[in-house]
$ cat query-v9.cif   # mmCIF, C-alpha atoms and all ligand atoms
data_entry
loop_
_atom_site.label_atom_id
_atom_site.label_comp_id
_atom_site.auth_asym_id
_atom_site.auth_seq_id
_atom_site.Cartn_x
_atom_site.Cartn_y
_atom_site.Cartn_z
CA MET A 1 56.04 -192.01 -3.08
CA GLU A 2 58.61 -192.20 -5.88
CA THR A 3 62.24 -193.10 -5.48
CA ASP A 4 65.01 -190.54 -5.15
CA VAL A 5 66.44 -188.81 -8.18
CA GLY A 6 70.21 -189.06 -8.37
CA VAL A 7 70.63 -186.85 -11.36
CA SER A 8 74.19 -185.67 -11.25
CA THR A 9 77.43 -186.81 -9.82
CA SER A 10 80.81 -185.24 -9.87
CA GLU A 11 82.65 -188.13 -8.28
CA GLU A 12 86.03 -188.52 -9.85
CA ALA A 13 86.48 -191.55 -12.06
CA ASN A 14 89.00 -193.25 -9.77
CA GLY A 15 86.53 -193.03 -6.87
CA SER A 16 89.31 -192.03 -4.45
CA ALA A 17 87.99 -190.07 -1.48
CA ALA A 18 86.17 -187.81 -3.94
CA LYS A 19 83.34 -185.91 -2.34
CA LYS A 20 80.08 -186.13 -4.24
CA LYS A 21 78.77 -182.68 -5.14
CA PRO A 22 75.15 -181.96 -4.31
CA THR A 23 72.54 -182.28 -7.05
CA VAL A 24 71.00 -178.90 -7.74
CA VAL A 25 67.92 -178.18 -9.85
CA PHE A 26 67.18 -174.52 -10.52
CA VAL A 27 63.45 -173.73 -10.61
CA LEU A 28 62.74 -170.63 -12.69
CA GLY A 29 59.67 -168.82 -13.96
CA GLY A 30 58.03 -165.42 -13.67
CA PRO A 31 56.60 -164.04 -10.44
CA GLY A 32 53.48 -166.08 -9.59
CA SER A 33 54.13 -168.80 -12.17
CA GLY A 34 53.79 -171.46 -9.44
CA LYS A 35 57.42 -172.26 -8.54
CA GLY A 36 56.83 -172.58 -4.80
CA THR A 37 53.62 -174.57 -5.28
CA GLN A 38 55.27 -177.14 -7.56
CA CYS A 39 58.41 -177.37 -5.40
CA ALA A 40 56.27 -178.53 -2.46
CA TYR A 41 55.01 -181.44 -4.58
CA ILE A 42 58.49 -182.31 -5.85
CA VAL A 43 59.80 -182.43 -2.27
CA GLU A 44 56.99 -184.82 -1.32
CA HIS A 45 57.60 -187.18 -4.25
CA PHE A 46 61.31 -187.01 -4.97
CA GLY A 47 63.14 -186.31 -1.71
CA PHE A 48 64.62 -182.93 -2.56
CA THR A 49 65.10 -180.09 -0.10
CA HIS A 50 63.53 -176.85 -1.34
CA PHE A 51 65.08 -173.42 -0.90
CA SER A 52 63.35 -170.34 -2.23
CA ALA A 53 65.85 -167.49 -2.64
CA GLY A 54 63.03 -165.01 -2.01
CA ASP A 55 62.04 -166.79 1.23
CA LEU A 56 65.66 -166.81 2.44
CA LEU A 57 65.90 -163.07 1.74
CA ARG A 58 62.61 -162.43 3.57
CA GLY A 59 64.00 -164.45 6.49
CA GLU A 60 67.04 -162.19 6.51
CA ILE A 61 64.79 -159.11 6.75
CA ASP A 62 62.80 -160.67 9.60
CA SER A 63 65.95 -161.64 11.50
CA GLY A 64 66.93 -157.98 11.78
CA SER A 65 70.31 -158.62 10.14
CA GLU A 66 72.49 -155.71 9.04
CA ASN A 67 71.49 -156.34 5.41
CA GLY A 68 67.78 -156.43 6.24
CA LEU A 69 66.93 -152.82 5.41
CA MET A 70 68.82 -152.92 2.10
CA ILE A 71 67.10 -156.20 1.11
CA LYS A 72 63.68 -154.86 2.08
CA SER A 73 64.02 -151.70 0.04
CA MET A 74 65.32 -153.61 -3.02
CA MET A 75 62.49 -156.14 -2.80
CA ASN A 76 59.88 -153.40 -2.53
CA GLU A 77 61.28 -151.98 -5.78
CA GLY A 78 61.23 -155.45 -7.39
CA LYS A 79 65.03 -155.24 -7.78
CA ILE A 80 67.51 -158.12 -7.56
CA VAL A 81 69.58 -158.20 -4.37
CA PRO A 82 73.39 -158.41 -4.85
CA SER A 83 74.50 -161.99 -5.53
CA GLU A 84 77.00 -161.96 -2.69
CA VAL A 85 74.13 -161.82 -0.18
CA THR A 86 71.88 -164.39 -1.85
CA VAL A 87 74.59 -166.94 -2.67
CA LYS A 88 75.84 -166.82 0.92
CA LEU A 89 72.32 -167.55 2.21
CA LEU A 90 71.85 -170.42 -0.24
CA GLN A 91 75.24 -171.94 0.52
CA LYS A 92 74.62 -171.83 4.28
CA ALA A 93 71.14 -173.34 3.89
CA MET A 94 72.51 -176.20 1.76
CA GLU A 95 75.36 -176.91 4.15
CA GLU A 96 73.03 -177.02 7.13
CA SER A 97 70.35 -179.13 5.47
CA GLY A 98 71.91 -182.59 5.68
CA ASN A 99 70.49 -183.38 2.20
CA GLU A 100 72.37 -183.65 -1.10
CA LYS A 101 69.53 -182.84 -3.49
CA PHE A 102 68.24 -179.30 -3.73
CA LEU A 103 65.55 -177.40 -5.56
CA ILE A 104 66.65 -173.80 -5.74
CA ASP A 105 63.60 -171.70 -6.52
CA GLY A 106 63.78 -168.18 -7.92
CA PHE A 107 67.52 -168.32 -8.48
CA PRO A 108 69.54 -167.43 -10.56
CA ARG A 109 67.58 -164.28 -11.32
CA ASN A 110 70.28 -162.70 -13.48
CA ASP A 111 73.62 -163.57 -15.01
CA GLU A 112 75.49 -162.19 -12.00
CA ASN A 113 73.55 -164.64 -9.73
CA ARG A 114 74.36 -167.51 -12.08
CA ALA A 115 78.09 -166.79 -12.27
CA ALA A 116 78.45 -166.08 -8.54
CA PHE A 117 76.80 -169.36 -7.55
CA ALA A 118 79.06 -171.34 -9.88
CA ALA A 119 82.17 -169.52 -8.66
CA VAL A 120 81.41 -169.81 -4.95
CA THR A 121 79.98 -173.34 -4.78
CA GLY A 122 81.56 -174.96 -7.85
CA ILE A 123 78.14 -176.45 -8.59
CA GLU A 124 76.38 -176.39 -11.96
CA PRO A 125 72.70 -177.34 -12.04
CA ALA A 126 71.76 -180.85 -13.16
CA PHE A 127 68.93 -179.19 -15.08
CA VAL A 128 66.59 -176.21 -14.97
CA LEU A 129 62.82 -176.33 -14.69
CA PHE A 130 61.20 -173.35 -16.35
CA PHE A 131 57.57 -172.58 -15.61
CA ASP A 132 56.19 -170.75 -18.59
CA CYS A 133 53.05 -168.71 -17.86
CA PRO A 134 51.40 -165.66 -19.43
CA GLU A 135 51.75 -162.41 -17.51
CA GLU A 136 47.99 -161.87 -17.07
CA GLU A 137 47.67 -165.27 -15.37
CA MET A 138 50.69 -164.62 -13.12
CA GLU A 139 49.26 -161.23 -12.16
CA ARG A 140 45.88 -162.80 -11.33
CA ARG A 141 47.54 -165.45 -9.17
CA ILE A 142 49.69 -162.98 -7.23
CA LEU A 143 46.79 -160.64 -6.58
CA ASN A 144 44.82 -163.58 -5.15
CA ARG A 145 47.70 -164.99 -3.12
CA ASN A 146 47.00 -163.28 0.24
CA GLN A 147 50.26 -164.22 1.92
CA GLY A 148 50.85 -160.69 3.17
CA ARG A 149 53.94 -160.13 1.02
CA ASP A 150 54.89 -156.43 0.82
CA ASP A 151 55.81 -156.85 -2.86
CA ASP A 152 52.43 -158.33 -3.87
CA ASN A 153 50.97 -154.97 -4.86
CA ILE A 154 50.26 -153.99 -8.44
CA GLU A 155 53.01 -151.35 -8.65
CA THR A 156 55.75 -153.72 -7.45
CA ILE A 157 54.31 -156.67 -9.42
CA ARG A 158 54.72 -154.69 -12.67
CA LYS A 159 58.33 -153.87 -11.73
CA ARG A 160 59.00 -157.55 -10.97
CA PHE A 161 57.61 -158.54 -14.39
CA LYS A 162 59.90 -156.01 -16.07
CA VAL A 163 62.98 -157.28 -14.21
CA PHE A 164 61.98 -160.86 -15.05
CA LEU A 165 61.88 -160.06 -18.80
CA GLN A 166 65.06 -157.98 -18.78
CA SER A 167 67.32 -159.97 -16.43
CA SER A 168 65.90 -163.43 -15.66
CA LEU A 169 64.67 -164.65 -19.06
CA PRO A 170 68.19 -164.28 -20.54
CA VAL A 171 69.43 -166.73 -17.89
CA VAL A 172 66.75 -169.24 -18.97
CA GLN A 173 67.85 -168.66 -22.57
CA TYR A 174 71.46 -169.32 -21.61
CA TYR A 175 70.54 -172.66 -20.02
CA GLU A 176 68.38 -173.46 -23.08
CA SER A 177 71.41 -172.88 -25.30
CA ILE A 178 73.30 -175.59 -23.39
CA GLY A 179 70.36 -178.01 -23.40
CA LYS A 180 69.55 -177.87 -19.68
CA VAL A 181 66.00 -176.51 -19.69
CA HIS A 182 62.78 -178.48 -19.20
CA LYS A 183 60.03 -176.05 -20.10
CA ILE A 184 56.66 -176.64 -18.46
CA ASP A 185 53.35 -175.07 -19.48
CA ALA A 186 52.46 -173.56 -16.10
CA ALA A 187 49.17 -171.96 -17.15
CA ARG A 188 47.23 -175.16 -16.42
CA PRO A 189 45.71 -176.32 -13.12
CA VAL A 190 48.20 -177.27 -10.39
CA GLU A 191 47.68 -181.05 -10.73
CA GLU A 192 48.18 -180.97 -14.50
CA VAL A 193 51.35 -178.93 -14.18
CA PHE A 194 52.65 -181.44 -11.64
CA GLU A 195 51.99 -184.35 -14.03
CA SER A 196 54.44 -182.71 -16.46
CA VAL A 197 56.93 -181.98 -13.68
CA LYS A 198 56.71 -185.56 -12.44
CA ALA A 199 57.42 -186.84 -15.94
CA VAL A 200 60.66 -184.84 -16.04
CA PHE A 201 61.93 -186.20 -12.70
CA THR A 202 60.80 -189.74 -13.47
CA SER A 203 62.52 -189.80 -16.85
CA ILE A 204 65.74 -188.53 -15.28
CA ASN A 205 65.45 -191.25 -12.61
CA GLU A 206 65.09 -193.86 -15.34
CA LYS A 207 68.08 -192.56 -17.30
CA ASP A 208 70.15 -192.76 -14.12
CA ASP A 209 69.26 -196.41 -13.42
N1 LIG B 301 48.72 -173.93 -11.62
C1 LIG B 301 48.13 -173.03 -10.85
N2 LIG B 301 46.88 -172.62 -11.12
C2 LIG B 301 46.27 -171.67 -10.33
N3 LIG B 301 46.85 -171.10 -9.24
C3 LIG B 301 48.10 -171.48 -8.94
C4 LIG B 301 48.80 -172.44 -9.71
N4 LIG B 301 50.03 -172.62 -9.18
C5 LIG B 301 50.09 -171.80 -8.12
N5 LIG B 301 48.95 -171.11 -7.97
C6 LIG B 301 48.64 -170.09 -6.97
O1 LIG B 301 49.24 -168.89 -7.47
C7 LIG B 301 49.89 -168.17 -6.42
C8 LIG B 301 51.38 -168.05 -6.77
O2 LIG B 301 51.97 -169.34 -6.71
P1 LIG B 301 53.43 -169.53 -6.11
O3 LIG B 301 53.55 -168.78 -4.84
O4 LIG B 301 53.70 -170.98 -6.11
O5 LIG B 301 54.27 -168.82 -7.26
P2 LIG B 301 55.80 -168.42 -7.33
O6 LIG B 301 56.25 -168.69 -8.72
O7 LIG B 301 56.56 -169.06 -6.23
O8 LIG B 301 55.71 -166.87 -7.12
P3 LIG B 301 56.83 -165.83 -6.61
O9 LIG B 301 57.88 -165.75 -7.65
O10 LIG B 301 56.09 -164.53 -6.48
O11 LIG B 301 57.34 -166.35 -5.28
C9 LIG B 301 49.60 -168.94 -5.13
O12 LIG B 301 48.49 -168.37 -4.51
C10 LIG B 301 49.28 -170.36 -5.61
O13 LIG B 301 48.38 -171.02 -4.76
N1 LIG B 302 67.73 -164.59 -6.61
C1 LIG B 302 66.88 -163.71 -6.08
C2 LIG B 302 65.58 -164.08 -5.72
C3 LIG B 302 64.73 -163.13 -5.20
N2 LIG B 302 65.16 -161.87 -5.03
C4 LIG B 302 64.27 -160.82 -4.50
C5 LIG B 302 63.67 -160.00 -5.62
C6 LIG B 302 62.34 -160.63 -5.82
O1 LIG B 302 61.42 -159.73 -6.40
C7 LIG B 302 61.97 -161.01 -4.40
C8 LIG B 302 60.93 -162.07 -4.27
O2 LIG B 302 61.37 -163.30 -4.83
P1 LIG B 302 60.32 -164.49 -5.05
O3 LIG B 302 59.86 -164.92 -3.70
O4 LIG B 302 59.20 -163.89 -5.85
O5 LIG B 302 61.04 -165.56 -5.79
O6 LIG B 302 63.19 -161.41 -3.81
C9 LIG B 302 66.44 -161.53 -5.38
O7 LIG B 302 66.84 -160.36 -5.24
N3 LIG B 302 67.28 -162.45 -5.88
MG MG B 303 57.70 -168.25 -4.64
#
$ encode --input "query-v9.cif" --output "structure tokens" --more "lines below"
Ligand SMILES: Nc1ncnc2c1ncn2[C@@H]1O[C@H](COP(=O)(O)OP(=O)(O)OP(=O)(O)O)[C@@H](O)[C@H]1O
Ligand SMILES: Nc1ccn([C@H]2C[C@H](O)[C@@H](COP(=O)(O)O)O2)c(=O)n1
Ligand SMILES: [Mg+2]
Amino acid sequence: METDVGVSTSEEANGSAAKKKPTVVFVLGGPGSGKGTQCAYIVEHFGFTHFSAGDLLRGEIDSGSENGLMIKSMMNEGKIVPSEVTVKLLQKAMEESGNEKFLIDGFPRNDENRAAFAAVTGIEPAFVLFFDCPEEEMERRILNRNQGRDDDNIETIRKRFKVFLQSSLPVVQYYESIGKVHKIDAARPVEEVFESVKAVFTSINEKDD
């Protein structure tokens, strides 16, 4: 097991009673690119807590909350749920976790998500992992996933790809423009992808020492 990654700190220079802000890494990539799979490995090796925005939203549907029906119908159309809902779920999950290092998977999905998270939490990501994978490979993976997700059908998958290109890629491009993206070739076998991911976290660990 590797040591923890302490990638960002917002402690004030004078060190007076300043509260350290959590370290957040956004994990982005198209539907089926392998975000959840790689996050499980990162958790094991680097001590992060993993939150998938999609999983939190599915949990909200299952809990029978008042937003459940709206979330379900948006997800079945491959649409992005209003940021207010998703940011609240992420903030609550982080507060309750007891950890200070988070992988946030599948978020921000659009510029509204990005701005709302920054405004509500005051947190900017330490960096962004972007899993780059061709659409045909992502489609193949999703169709073989068998996790019983309502949105893993070809009609919704195509809608999700369209939303990814139109709304999510521009967010990756924004973070690229400010030098925060580590792009990973995600079309390779799981272990090979993780070697590249590990190199990113290890090099950040070393820089921090
Ligand atoms: N590198 C890989 N090579 C082959 N299959 C993979 C690879 N990574 C993940 N998979 C498989 O592809 C499917 C999708 O992976 P995963 O659920 O991690 O993707 P995701 O990016 O989280 O997708 P989504 O955005 O839909 O939640 C899973 O069945 C997983 O086992
Ligand atoms: N920030 C987010 C993340 C996810 N959703 C919705 C829309 C997605 O199609 C669906 C599934 O997400 P995944 O598990 O594939 O990451 O959840 C959203 O509206 N906003
Ligand atoms: Mg996922």
$ closest_residue --input "query-v9.cif" --among "A:Ala53, A:Gly68, A:Gln147, A:Arg58" --to "Arg109 (chain A)" --atoms "all atoms listed in the file"
A:Ala53
$ residues_around --input "query-v9.cif" --residues "region 152-160 of chain A" --least-positions-apart "2" --cutoff "7 Å" --atoms "only C-alpha atoms" --output "mmCIF file with C-alpha atoms, in the frame of the given file"
data_model
loop_
_atom_site.group_PDB
_atom_site.id
_atom_site.type_symbol
_atom_site.label_atom_id
_atom_site.label_comp_id
_atom_site.auth_asym_id
_atom_site.auth_seq_id
_atom_site.Cartn_x
_atom_site.Cartn_y
_atom_site.Cartn_z
ATOM 1 C CA PRO A 31 56.600 -164.040 -10.440
ATOM 2 C CA ASN A 76 59.880 -153.400 -2.530
ATOM 3 C CA GLU A 77 61.280 -151.980 -5.780
ATOM 4 C CA GLY A 78 61.230 -155.450 -7.390
ATOM 5 C CA ILE A 142 49.690 -162.980 -7.230
ATOM 6 C CA LEU A 143 46.790 -160.640 -6.580
ATOM 7 C CA ARG A 149 53.940 -160.130 1.020
ATOM 8 C CA ASP A 150 54.890 -156.430 0.820
ATOM 9 C CA LYS A 162 59.900 -156.010 -16.070
ATOM 10 C CA VAL A 163 62.980 -157.280 -14.210
ATOM 11 C CA PHE A 164 61.980 -160.860 -15.050
#
$ closest_atom_pairs --input "query-v9.cif" --of "region 99-126 of chain A" --to "region 18-27 of chain A" --cutoff "7 Å" --atoms "only C-alpha atoms" --output "JSON lines"
{"residue": "A:Glu100", "atom": "CA", "partner": "A:Pro22", "partner_atom": "CA", "distance": 4.6}
{"residue": "A:Lys101", "atom": "CA", "partner": "A:Thr23", "partner_atom": "CA", "distance": 4.7}
{"residue": "A:Phe102", "atom": "CA", "partner": "A:Val24", "partner_atom": "CA", "distance": 4.9}
{"residue": "A:Leu103", "atom": "CA", "partner": "A:Val25", "partner_atom": "CA", "distance": 5.0}
{"residue": "A:Ile104", "atom": "CA", "partner": "A:Phe26", "partner_atom": "CA", "distance": 4.9}
{"residue": "A:Asp105", "atom": "CA", "partner": "A:Val27", "partner_atom": "CA", "distance": 4.6}
{"residue": "A:Gly106", "atom": "CA", "partner": "A:Val27", "partner_atom": "CA", "distance": 6.2}
{"residue": "A:Phe107", "atom": "CA", "partner": "A:Phe26", "partner_atom": "CA", "distance": 6.5}
{"residue": "A:Pro125", "atom": "CA", "partner": "A:Val24", "partner_atom": "CA", "distance": 4.9}
{"residue": "A:Ala126", "atom": "CA", "partner": "A:Val25", "partner_atom": "CA", "distance": 5.7}
$ closest_residue --input "query-v9.cif" --among "A:Arg114, A:Lys207, A:Arg140, A:Lys198" --to "ligand LIG 301 (chain B)" --atoms "all atoms listed in the file"
A:Arg140
$ residues_around --input "query-v9.cif" --residues "region 37-44 of chain A" --least-positions-apart "6" --cutoff "12 Å" --atoms "all atoms listed in the file" --output "PyMOL selection string"
chain A and resi 1-5+25-29+50-52+99+101-106+129-131+141+145+184+186+189-202
$ write_last_selection --input "query-v9.cif" --atoms "C-alpha atoms" --output "mmCIF file, keeping the file's coordinate frame"
data_model
loop_
_atom_site.group_PDB
_atom_site.id
_atom_site.type_symbol
_atom_site.label_atom_id
_atom_site.label_comp_id
_atom_site.auth_asym_id
_atom_site.auth_seq_id
_atom_site.Cartn_x
_atom_site.Cartn_y
_atom_site.Cartn_z
ATOM 1 C CA MET A 1 56.040 -192.010 -3.080
ATOM 2 C CA GLU A 2 58.610 -192.200 -5.880
ATOM 3 C CA THR A 3 62.240 -193.100 -5.480
ATOM 4 C CA ASP A 4 65.010 -190.540 -5.150
ATOM 5 C CA VAL A 5 66.440 -188.810 -8.180
ATOM 6 C CA VAL A 25 67.920 -178.180 -9.850
ATOM 7 C CA PHE A 26 67.180 -174.520 -10.520
ATOM 8 C CA VAL A 27 63.450 -173.730 -10.610
ATOM 9 C CA LEU A 28 62.740 -170.630 -12.690
ATOM 10 C CA GLY A 29 59.670 -168.820 -13.960
ATOM 11 C CA HIS A 50 63.530 -176.850 -1.340
ATOM 12 C CA PHE A 51 65.080 -173.420 -0.900
ATOM 13 C CA SER A 52 63.350 -170.340 -2.230
ATOM 14 C CA ASN A 99 70.490 -183.380 2.200
ATOM 15 C CA LYS A 101 69.530 -182.840 -3.490
ATOM 16 C CA PHE A 102 68.240 -179.300 -3.730
ATOM 17 C CA LEU A 103 65.550 -177.400 -5.560
ATOM 18 C CA ILE A 104 66.650 -173.800 -5.740
ATOM 19 C CA ASP A 105 63.600 -171.700 -6.520
ATOM 20 C CA GLY A 106 63.780 -168.180 -7.920
ATOM 21 C CA LEU A 129 62.820 -176.330 -14.690
ATOM 22 C CA PHE A 130 61.200 -173.350 -16.350
ATOM 23 C CA PHE A 131 57.570 -172.580 -15.610
ATOM 24 C CA ARG A 141 47.540 -165.450 -9.170
ATOM 25 C CA ARG A 145 47.700 -164.990 -3.120
ATOM 26 C CA ILE A 184 56.660 -176.640 -18.460
ATOM 27 C CA ALA A 186 52.460 -173.560 -16.100
ATOM 28 C CA PRO A 189 45.710 -176.320 -13.120
ATOM 29 C CA VAL A 190 48.200 -177.270 -10.390
ATOM 30 C CA GLU A 191 47.680 -181.050 -10.730
ATOM 31 C CA GLU A 192 48.180 -180.970 -14.500
ATOM 32 C CA VAL A 193 51.350 -178.930 -14.180
ATOM 33 C CA PHE A 194 52.650 -181.440 -11.640
ATOM 34 C CA GLU A 195 51.990 -184.350 -14.030
ATOM 35 C CA SER A 196 54.440 -182.710 -16.460
ATOM 36 C CA VAL A 197 56.930 -181.980 -13.680
ATOM 37 C CA LYS A 198 56.710 -185.560 -12.440
ATOM 38 C CA ALA A 199 57.420 -186.840 -15.940
ATOM 39 C CA VAL A 200 60.660 -184.840 -16.040
ATOM 40 C CA PHE A 201 61.930 -186.200 -12.700
ATOM 41 C CA THR A 202 60.800 -189.740 -13.470
#
$ residues_around --input "query-v9.cif" --residues "Ala187 (chain A)" --least-positions-apart "4" --cutoff "8 Å" --atoms "only C-alpha atoms" --output "ChimeraX atom specification"
/A:33,132-134,137,193
$ residues_near_ligand --input "query-v9.cif" --ligand "ligand MG 303 (chain B)" --cutoff "7 Å" --atoms "all atoms listed in the file" --output "PyMOL selection string"
chain A and resi 32+34-36+52+54+106
$ closest_residue --input "query-v9.cif" --among "A:Thr49, A:Ser73, A:Ser97, A:Thr86" --to "Asn113 (chain A)" --atoms "all atoms listed in the file"
A:Thr86
$ atom_distance --input "query-v9.cif" --atom1 "CA of Lys183 (chain A)" --atom2 "CA of Glu95 (chain A)"
28.7 Å
$ atom_distance --input "query-v9.cif" --atom1 "CA of Val81 (chain A)" --atom2 "CA of Leu57 (chain A)"
8.6 Å
$ closest_residue --input "query-v9.cif" --among "A:Tyr175, A:Phe161, A:Phe117, A:Phe127" --to "ligand LIG 301 (chain B)" --atoms "all atoms listed in the file"
A:Phe161
$ atom_distance --input "query-v9.cif" --atom1 "CA of Ala118 (chain A)" --atom2 "CA of Ser65 (chain A)"
25.3 Å
$ axis_aligned_box --input "query-v9.cif" --around "ligand LIG 302 (chain B)" --padding-each-side "3 Å" --output "AutoDock Vina command-line options"
--center_x 63.5 --center_y -162.6 --center_z -5.2 --size_x 14.5 --size_y 11.8 --size_z 8.9
$ closest_residue --input "query-v9.cif" --among "A:Asp185, A:Asp209, A:Glu60, A:Glu124" --to "ligand LIG 301 (chain B)" --atoms "all atoms listed in the file"
A:Asp185
$ closest_residue --input "query-v9.cif" --among "A:Glu84, A:Asp151, A:Asp208, A:Glu176" --to "ligand LIG 301 (chain B)" --atoms "all atoms listed in the file"
A:Asp151
$ residues_around --input "query-v9.cif" --residues "Ile61 (chain A)" --least-positions-apart "6" --cutoff "10 Å" --atoms "all atoms listed in the file" --output "MDAnalysis selection string"
chainID A and resid 55 67:72
